[in-house]
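The structure file work05.cif is reproduced below (mmCIF, C-alpha atoms).
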```
data_work
loop_
_atom_site.group_PDB
_atom_site.id
_atom_site.type_symbol
_atom_site.label_atom_id
_atom_site.label_comp_id
_atom_site.auth_asym_id
_atom_site.auth_seq_id
_atom_site.Cartn_x
_atom_site.Cartn_y
_atom_site.Cartn_z
ATOM 1 C CA MET A 1 -11.794 21.453 -111.768
ATOM 2 C CA THR A 2 -9.662 22.171 -108.744
ATOM 3 C CA ALA A 3 -11.070 24.855 -106.477
ATOM 4 C CA ARG A 4 -9.008 27.976 -106.189
ATOM 5 C CA PRO A 5 -7.621 28.345 -102.647
ATOM 6 C CA THR A 6 -9.033 31.179 -100.624
ATOM 7 C CA PRO A 7 -6.693 33.773 -99.035
ATOM 8 C CA ALA A 8 -7.187 32.084 -95.636
ATOM 9 C CA ASP A 9 -5.959 28.761 -97.102
ATOM 10 C CA GLN A 10 -2.829 30.208 -98.668
ATOM 11 C CA MET A 11 0.450 30.329 -96.787
ATOM 12 C CA ARG A 12 1.153 33.785 -95.428
ATOM 13 C CA LEU A 13 4.536 35.332 -95.976
ATOM 14 C CA PRO A 14 6.206 36.720 -92.825
ATOM 15 C CA LEU A 15 5.628 40.329 -93.782
ATOM 16 C CA GLN A 16 5.812 43.119 -91.252
ATOM 17 C CA ARG A 17 4.213 46.512 -91.726
ATOM 18 C CA ASP A 18 5.220 49.756 -90.140
ATOM 19 C CA LEU A 19 2.761 51.060 -87.545
ATOM 20 C CA PRO A 20 2.647 54.479 -85.911
ATOM 21 C CA ASP A 21 5.216 54.905 -83.154
ATOM 22 C CA GLY A 22 3.937 58.227 -81.868
ATOM 23 C CA ALA A 23 1.081 59.273 -79.631
ATOM 24 C CA GLU A 24 -1.530 58.268 -82.224
ATOM 25 C CA GLY A 25 -0.628 54.621 -81.641
ATOM 26 C CA PHE A 26 -0.798 54.782 -77.842
ATOM 27 C CA VAL A 27 -4.061 53.626 -76.277
ATOM 28 C CA VAL A 28 -5.118 55.558 -73.189
ATOM 29 C CA SER A 29 -7.085 53.573 -70.622
ATOM 30 C CA ASP A 30 -7.563 53.366 -66.861
ATOM 31 C CA CYS A 31 -4.247 51.538 -66.433
ATOM 32 C CA ASN A 32 -2.187 54.459 -67.768
ATOM 33 C CA ARG A 33 -4.456 57.496 -67.702
ATOM 34 C CA ALA A 34 -2.893 59.088 -64.610
ATOM 35 C CA ALA A 35 0.578 59.051 -66.181
ATOM 36 C CA VAL A 36 -0.700 60.321 -69.531
ATOM 37 C CA GLU A 37 -2.473 63.219 -67.851
ATOM 38 C CA ALA A 38 0.512 64.015 -65.622
ATOM 39 C CA LEU A 39 2.777 64.352 -68.665
ATOM 40 C CA ALA A 40 0.262 66.151 -70.867
ATOM 41 C CA ASP A 41 1.514 69.649 -70.012
ATOM 42 C CA TRP A 42 4.683 68.831 -68.087
ATOM 43 C CA PRO A 43 7.219 70.375 -67.603
ATOM 44 C CA GLY A 44 5.436 73.644 -68.468
ATOM 45 C CA LEU A 45 7.094 76.743 -67.049
ATOM 46 C CA ILE A 46 8.522 74.965 -64.045
ATOM 47 C CA GLY A 47 10.728 71.932 -64.560
ATOM 48 C CA GLY A 48 11.829 69.486 -61.922
ATOM 49 C CA VAL A 49 11.897 65.721 -61.622
ATOM 50 C CA MET A 50 9.050 63.278 -62.186
ATOM 51 C CA ALA A 51 8.891 59.485 -62.416
ATOM 52 C CA ILE A 52 6.531 57.089 -64.155
ATOM 53 C CA CYS A 53 6.614 53.619 -62.612
ATOM 54 C CA GLY A 54 5.031 50.266 -63.272
ATOM 55 C CA PRO A 55 5.560 46.607 -64.099
ATOM 56 C CA ALA A 56 7.447 45.340 -67.137
ATOM 57 C CA GLY A 57 5.463 45.753 -70.343
ATOM 58 C CA CYS A 58 3.029 48.343 -69.024
ATOM 59 C CA GLY A 59 4.069 50.947 -71.624
ATOM 60 C CA LYS A 60 6.137 53.340 -69.502
ATOM 61 C CA SER A 61 9.082 53.379 -71.942
ATOM 62 C CA ARG A 62 6.727 54.034 -74.843
ATOM 63 C CA LEU A 63 4.974 56.834 -72.970
ATOM 64 C CA GLY A 64 8.351 58.299 -72.039
ATOM 65 C CA GLN A 65 9.397 58.263 -75.691
ATOM 66 C CA ILE A 66 6.211 60.040 -76.716
ATOM 67 C CA TRP A 67 6.876 62.704 -74.082
ATOM 68 C CA ALA A 68 10.509 63.046 -75.209
ATOM 69 C CA GLU A 69 9.444 63.557 -78.827
ATOM 70 C CA ARG A 70 6.862 66.159 -77.826
ATOM 71 C CA VAL A 71 9.196 68.296 -75.717
ATOM 72 C CA GLY A 72 12.461 67.600 -77.579
ATOM 73 C CA ALA A 73 14.046 65.795 -74.630
ATOM 74 C CA VAL A 74 17.404 64.052 -74.628
ATOM 75 C CA ALA A 75 16.689 60.320 -74.225
ATOM 76 C CA ILE A 76 19.157 58.326 -72.116
ATOM 77 C CA HIS A 77 19.042 54.643 -71.177
ATOM 78 C CA GLY A 78 20.145 53.457 -67.769
ATOM 79 C CA ALA A 79 23.904 53.219 -67.286
ATOM 80 C CA GLU A 80 24.499 55.324 -70.418
ATOM 81 C CA ALA A 81 23.759 58.361 -68.246
ATOM 82 C CA ALA A 82 27.314 58.220 -66.897
ATOM 83 C CA LEU A 83 28.646 58.952 -70.410
ATOM 84 C CA ILE A 84 26.638 62.129 -70.979
ATOM 85 C CA ASP A 85 28.431 65.484 -70.968
ATOM 86 C CA PRO A 86 26.472 67.722 -68.534
ATOM 87 C CA ALA A 87 26.916 70.642 -70.925
ATOM 88 C CA GLU A 88 24.814 68.801 -73.511
ATOM 89 C CA ILE A 89 21.769 68.562 -71.274
ATOM 90 C CA GLU A 90 22.028 71.704 -69.144
ATOM 91 C CA GLY A 91 18.615 73.366 -68.972
ATOM 92 C CA ARG A 92 17.053 70.764 -71.281
ATOM 93 C CA PRO A 93 14.368 68.157 -70.674
ATOM 94 C CA VAL A 94 15.829 64.676 -70.219
ATOM 95 C CA LEU A 95 14.261 61.207 -70.295
ATOM 96 C CA LEU A 96 16.143 58.596 -68.272
ATOM 97 C CA ASP A 97 14.647 55.204 -69.090
ATOM 98 C CA ARG A 98 15.629 52.184 -66.978
ATOM 99 C CA ALA A 99 16.585 54.808 -64.428
ATOM 100 C CA MET A 100 17.512 52.288 -61.726
ATOM 101 C CA ASP A 101 20.440 51.135 -63.886
ATOM 102 C CA ALA A 102 22.195 54.485 -63.481
ATOM 103 C CA ASP A 103 24.796 54.664 -60.707
ATOM 104 C CA ASP A 104 24.210 56.740 -57.563
ATOM 105 C CA GLU A 105 26.681 59.501 -58.400
ATOM 106 C CA THR A 106 25.258 59.996 -61.879
ATOM 107 C CA LEU A 107 21.679 60.127 -60.598
ATOM 108 C CA PHE A 108 22.660 62.576 -57.892
ATOM 109 C CA HIS A 109 24.331 64.942 -60.363
ATOM 110 C CA LEU A 110 21.506 64.637 -62.898
ATOM 111 C CA ILE A 111 18.907 65.640 -60.322
ATOM 112 C CA ASN A 112 21.057 68.513 -59.043
ATOM 113 C CA LEU A 113 21.691 69.733 -62.598
ATOM 114 C CA THR A 114 17.968 69.643 -63.331
ATOM 115 C CA HIS A 115 17.112 71.775 -60.304
ATOM 116 C CA ALA A 116 20.014 74.188 -60.830
ATOM 117 C CA THR A 117 19.380 74.912 -64.502
ATOM 118 C CA GLY A 118 15.586 74.787 -64.708
ATOM 119 C CA GLY A 119 15.541 71.603 -66.737
ATOM 120 C CA ALA A 120 13.181 68.656 -66.480
ATOM 121 C CA LEU A 121 14.084 65.049 -65.746
ATOM 122 C CA LEU A 122 11.625 62.212 -66.380
ATOM 123 C CA LEU A 123 12.593 58.901 -64.782
ATOM 124 C CA ALA A 124 11.066 55.625 -65.986
ATOM 125 C CA SER A 125 11.427 52.540 -63.811
ATOM 126 C CA ARG A 126 9.538 49.611 -62.343
ATOM 127 C CA PRO A 127 9.513 50.639 -58.653
ATOM 128 C CA ALA A 128 9.067 54.242 -57.571
ATOM 129 C CA PRO A 129 12.312 56.139 -56.781
ATOM 130 C CA SER A 130 11.411 56.123 -53.091
ATOM 131 C CA ALA A 131 11.860 52.319 -53.160
ATOM 132 C CA TRP A 132 15.258 52.278 -54.885
ATOM 133 C CA ASP A 133 18.210 50.856 -52.993
ATOM 134 C CA VAL A 134 20.826 53.631 -52.959
ATOM 135 C CA ALA A 135 23.896 54.236 -50.814
ATOM 136 C CA LEU A 136 24.211 58.032 -50.988
ATOM 137 C CA PRO A 137 22.197 59.703 -48.187
ATOM 138 C CA ASP A 138 21.838 62.912 -50.218
ATOM 139 C CA LEU A 139 20.501 60.956 -53.173
ATOM 140 C CA ARG A 140 18.055 59.152 -50.898
ATOM 141 C CA SER A 141 16.482 62.432 -49.812
ATOM 142 C CA ARG A 142 16.213 63.645 -53.409
ATOM 143 C CA LEU A 143 14.591 60.443 -54.626
ATOM 144 C CA ASP A 144 12.102 60.536 -51.758
ATOM 145 C CA ALA A 145 10.999 63.967 -52.985
ATOM 146 C CA VAL A 146 10.386 62.871 -56.605
ATOM 147 C CA ILE A 147 6.774 62.959 -57.754
ATOM 148 C CA SER A 148 5.943 59.414 -58.884
ATOM 149 C CA VAL A 149 2.982 58.504 -61.071
ATOM 150 C CA PRO A 150 2.070 54.794 -61.218
ATOM 151 C CA MET A 151 1.173 52.811 -64.299
ATOM 152 C CA GLU A 152 -0.519 49.430 -64.072
ATOM 153 C CA ALA A 153 -0.284 46.280 -66.163
ATOM 154 C CA PRO A 154 -2.221 46.644 -69.451
ATOM 155 C CA ASP A 155 -5.966 46.254 -69.041
ATOM 156 C CA ASP A 156 -8.178 44.639 -71.674
ATOM 157 C CA ALA A 157 -8.349 47.759 -73.841
ATOM 158 C CA VAL A 158 -4.587 48.266 -73.949
ATOM 159 C CA LEU A 159 -3.607 44.603 -74.286
ATOM 160 C CA SER A 160 -6.187 44.167 -77.039
ATOM 161 C CA ALA A 161 -4.667 47.122 -78.904
ATOM 162 C CA MET A 162 -1.176 45.633 -78.446
ATOM 163 C CA LEU A 163 -2.300 42.318 -79.930
ATOM 164 C CA GLU A 164 -4.109 44.019 -82.812
ATOM 165 C CA ALA A 165 -0.986 46.024 -83.604
ATOM 166 C CA ARG A 166 1.292 42.981 -83.525
ATOM 167 C CA PHE A 167 -1.062 41.039 -85.803
ATOM 168 C CA ALA A 168 -1.304 44.001 -88.186
ATOM 169 C CA GLU A 169 2.483 44.264 -88.379
ATOM 170 C CA ARG A 170 2.548 40.756 -89.808
ATOM 171 C CA GLY A 171 -0.453 41.142 -92.070
ATOM 172 C CA ILE A 172 -2.506 38.686 -90.008
ATOM 173 C CA ARG A 173 -6.281 38.923 -89.670
ATOM 174 C CA PRO A 174 -7.206 36.697 -86.737
ATOM 175 C CA GLN A 175 -10.752 35.439 -86.327
ATOM 176 C CA LYS A 176 -12.867 37.662 -84.098
ATOM 177 C CA ASP A 177 -12.734 35.369 -81.082
ATOM 178 C CA VAL A 178 -8.929 35.034 -81.040
ATOM 179 C CA ILE A 179 -8.030 38.244 -79.220
ATOM 180 C CA PRO A 180 -10.753 37.862 -76.532
ATOM 181 C CA TYR A 181 -9.399 34.343 -75.911
ATOM 182 C CA LEU A 182 -5.788 35.542 -75.680
ATOM 183 C CA LEU A 183 -6.758 38.316 -73.262
ATOM 184 C CA ARG A 184 -7.743 35.643 -70.760
ATOM 185 C CA ARG A 185 -4.722 33.424 -71.248
ATOM 186 C CA ILE A 186 -1.506 35.420 -71.691
ATOM 187 C CA ASP A 187 0.461 37.652 -69.347
ATOM 188 C CA ARG A 188 -0.520 41.310 -69.432
ATOM 189 C CA SER A 189 2.567 42.785 -71.067
ATOM 190 C CA ALA A 190 3.813 44.009 -74.427
ATOM 191 C CA ALA A 191 6.376 41.185 -74.494
ATOM 192 C CA ALA A 192 3.664 38.538 -74.104
ATOM 193 C CA ALA A 193 1.698 40.044 -76.987
ATOM 194 C CA VAL A 194 4.768 39.949 -79.225
ATOM 195 C CA ASP A 195 5.625 36.396 -78.165
ATOM 196 C CA VAL A 196 2.225 34.825 -78.802
ATOM 197 C CA VAL A 197 1.780 36.551 -82.164
ATOM 198 C CA GLU A 198 5.243 35.421 -83.284
ATOM 199 C CA ARG A 199 4.395 31.822 -82.387
ATOM 200 C CA LEU A 200 1.071 31.950 -84.193
ATOM 201 C CA ASP A 201 2.669 33.500 -87.264
ATOM 202 C CA ALA A 202 5.407 30.850 -87.352
ATOM 203 C CA LEU A 203 2.778 28.138 -87.930
ATOM 204 C CA HIS A 204 1.689 29.687 -91.270
ATOM 205 C CA ARG A 205 -1.934 28.732 -90.701
ATOM 206 C CA PRO A 206 -5.141 30.772 -90.465
ATOM 207 C CA VAL A 207 -5.260 32.260 -86.969
ATOM 208 C CA THR A 208 -8.325 30.771 -85.360
ATOM 209 C CA ARG A 209 -9.303 30.321 -81.730
ATOM 210 C CA ALA A 210 -8.424 26.637 -82.063
ATOM 211 C CA LEU A 211 -4.912 27.528 -83.212
ATOM 212 C CA ALA A 212 -4.528 30.084 -80.423
ATOM 213 C CA ARG A 213 -5.601 27.453 -77.905
ATOM 214 C CA GLU A 214 -3.101 24.989 -79.371
ATOM 215 C CA VAL A 215 -0.258 27.504 -79.019
ATOM 216 C CA VAL A 216 -1.194 28.623 -75.506
ATOM 217 C CA GLU A 217 -1.792 25.140 -74.136
ATOM 218 C CA GLY A 218 1.372 23.873 -75.819
ATOM 219 C CA ALA A 219 3.389 26.595 -74.126
ATOM 220 C CA GLU A 220 1.800 25.833 -70.770
ATOM 221 C CA ALA A 221 2.493 22.092 -71.136
ATOM 222 C CA SER A 222 6.168 22.757 -71.861
ATOM 223 C CA GLY A 223 6.488 25.088 -68.891
ATOM 224 C CA GLU A 224 6.810 28.228 -71.038
ATOM 225 C CA LEU A 225 4.895 31.365 -70.227
ATOM 226 C CA PHE A 226 3.885 34.347 -72.333
ATOM 227 C CA GLU A 227 5.459 37.072 -70.206
#
```

Represent the supplied structure as structure tokens.
Amino acid sequence: MTARPTPADQMRLPLQRDLPDGAEGFVVSDCNRAAVEALADWPGLIGGVMAICGPAGCGKSRLGQIWAERVGAVAIHGAEAALIDPAEIEGRPVLLDRAMDADDETLFHLINLTHATGGALLLASRPAPSAWDVALPDLRSRLDAVISVPMEAPDDAVLSAMLEARFAERGIRPQKDVIPYLLRRIDRSAAAAVDVVERLDALHRPVTRALAREVVEGAEASGELFE
């Protein structure tokens, strides 16, 4: 009699499951706690301009989205800011993600509009506004005055949660030692977590530490990086 294959032996279908996008799916740790706490009750009664800054994949866009959902902010992405009618955002909270992509004139008017109408403007970018290369002297002084809260690359707690979420999306149950191994070998970013899980899933094999090592070392040998 032929033995019935176990679930681990069967080929997995590339299924993806919806996971929470809101605050309940965001892991708070030392790498992002300062930004989370800064936005917890902001803008409150007094608006103004604030920035959250950090390396690619640290979660600043996600945190900005959570804030925007909580306060009902208008979410704008980079250069799209130039297309916004000021009347649509007057006195309202605004999230400007990829803020460095906005042109100088648009940034200058957005900040002025925020201060004039009692709105709130949250900027999300890699470097702090004080480090941006701008040509307008008046914009320079305004950016230097922006309160900036740093975020760091994901620590073990956050990167582990990112990997767990990406595996869960695809219905994968990795062996217990897989995620601790990956924490030591991949770049600390959301993109790296997505990349390595996609590669593991594409092999349609049980996700063991040996398979994770094969994928990571194969990428390193070919000059590819999980970042």

Checklist line | Ground truth for the PyMOL selection byres ((chain A and resi 176-180) around 8), written as a ChimeraX atom specification | finding: /A:160,163-164,174-175,181-184,207-209,212

Notebook entry, point to check: Can you list what the PyMOL selection byres ((chain A and resi 188-196) around 8) grabs from this structure, as a list in words?
Noted result: Ala56, Gly57, Cys58, Gly59, Ala153, Pro154, Asp155, Leu159, Met162, Leu163, Arg166, Leu183, Ile186, Asp187, Val197, Glu198, Arg199, Leu200, Val215, Val216, Phe226 and Glu227 of chain A

Next item on the list: Using atom CA of Asp101 of chain A and atom CA of Val158 of chain A as the two end points, give the distance in Å to one decimal.
Entry: 27.1 Å

Margin query: For the provided coordinates, the residues matched by the PyMOL selection byres ((chain A and resi 136-139) around 12) should be stated as a list in words.
Written below: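 Evaluating the PyMOL selection byres ((chain A and resi 136-139) around 12) on these coordinates yields Asp103, Asp104, Glu105, Thr106, Leu107, Phe108, His109, Leu110, Ile111, Asn112, Pro129, Ser130, Trp132, Asp133, Val134, Ala135, Arg140, Ser141, Arg142, Leu143, Asp144, Ala145 and Val146 of chain A.
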
Note to self: I'd like to know which of A:Cys31, A:Ala120, A:Ala51, A:Ala38 is closest to Ala73 of chain A, using only C-alpha atoms.
What the structure shows: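 Checking each of A:Cys31, A:Ala120, A:Ala51, A:Ala38 against Ala73 of chain A, counting only C-alpha atoms, the winner is A:Ala120.
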
Notebook entry, point to check: Which one of A:Pro127, A:Gly218, A:Pro150, A:Gly223 sits closest to Glu37 of chain A if you count all atoms listed in the file?
Noted result: A:Pro150

Check: Between atom CA of Gly64 of chain A and atom CA of Ala161 of chain A, what is the spacing in Å?
Finding: 18.5 Å
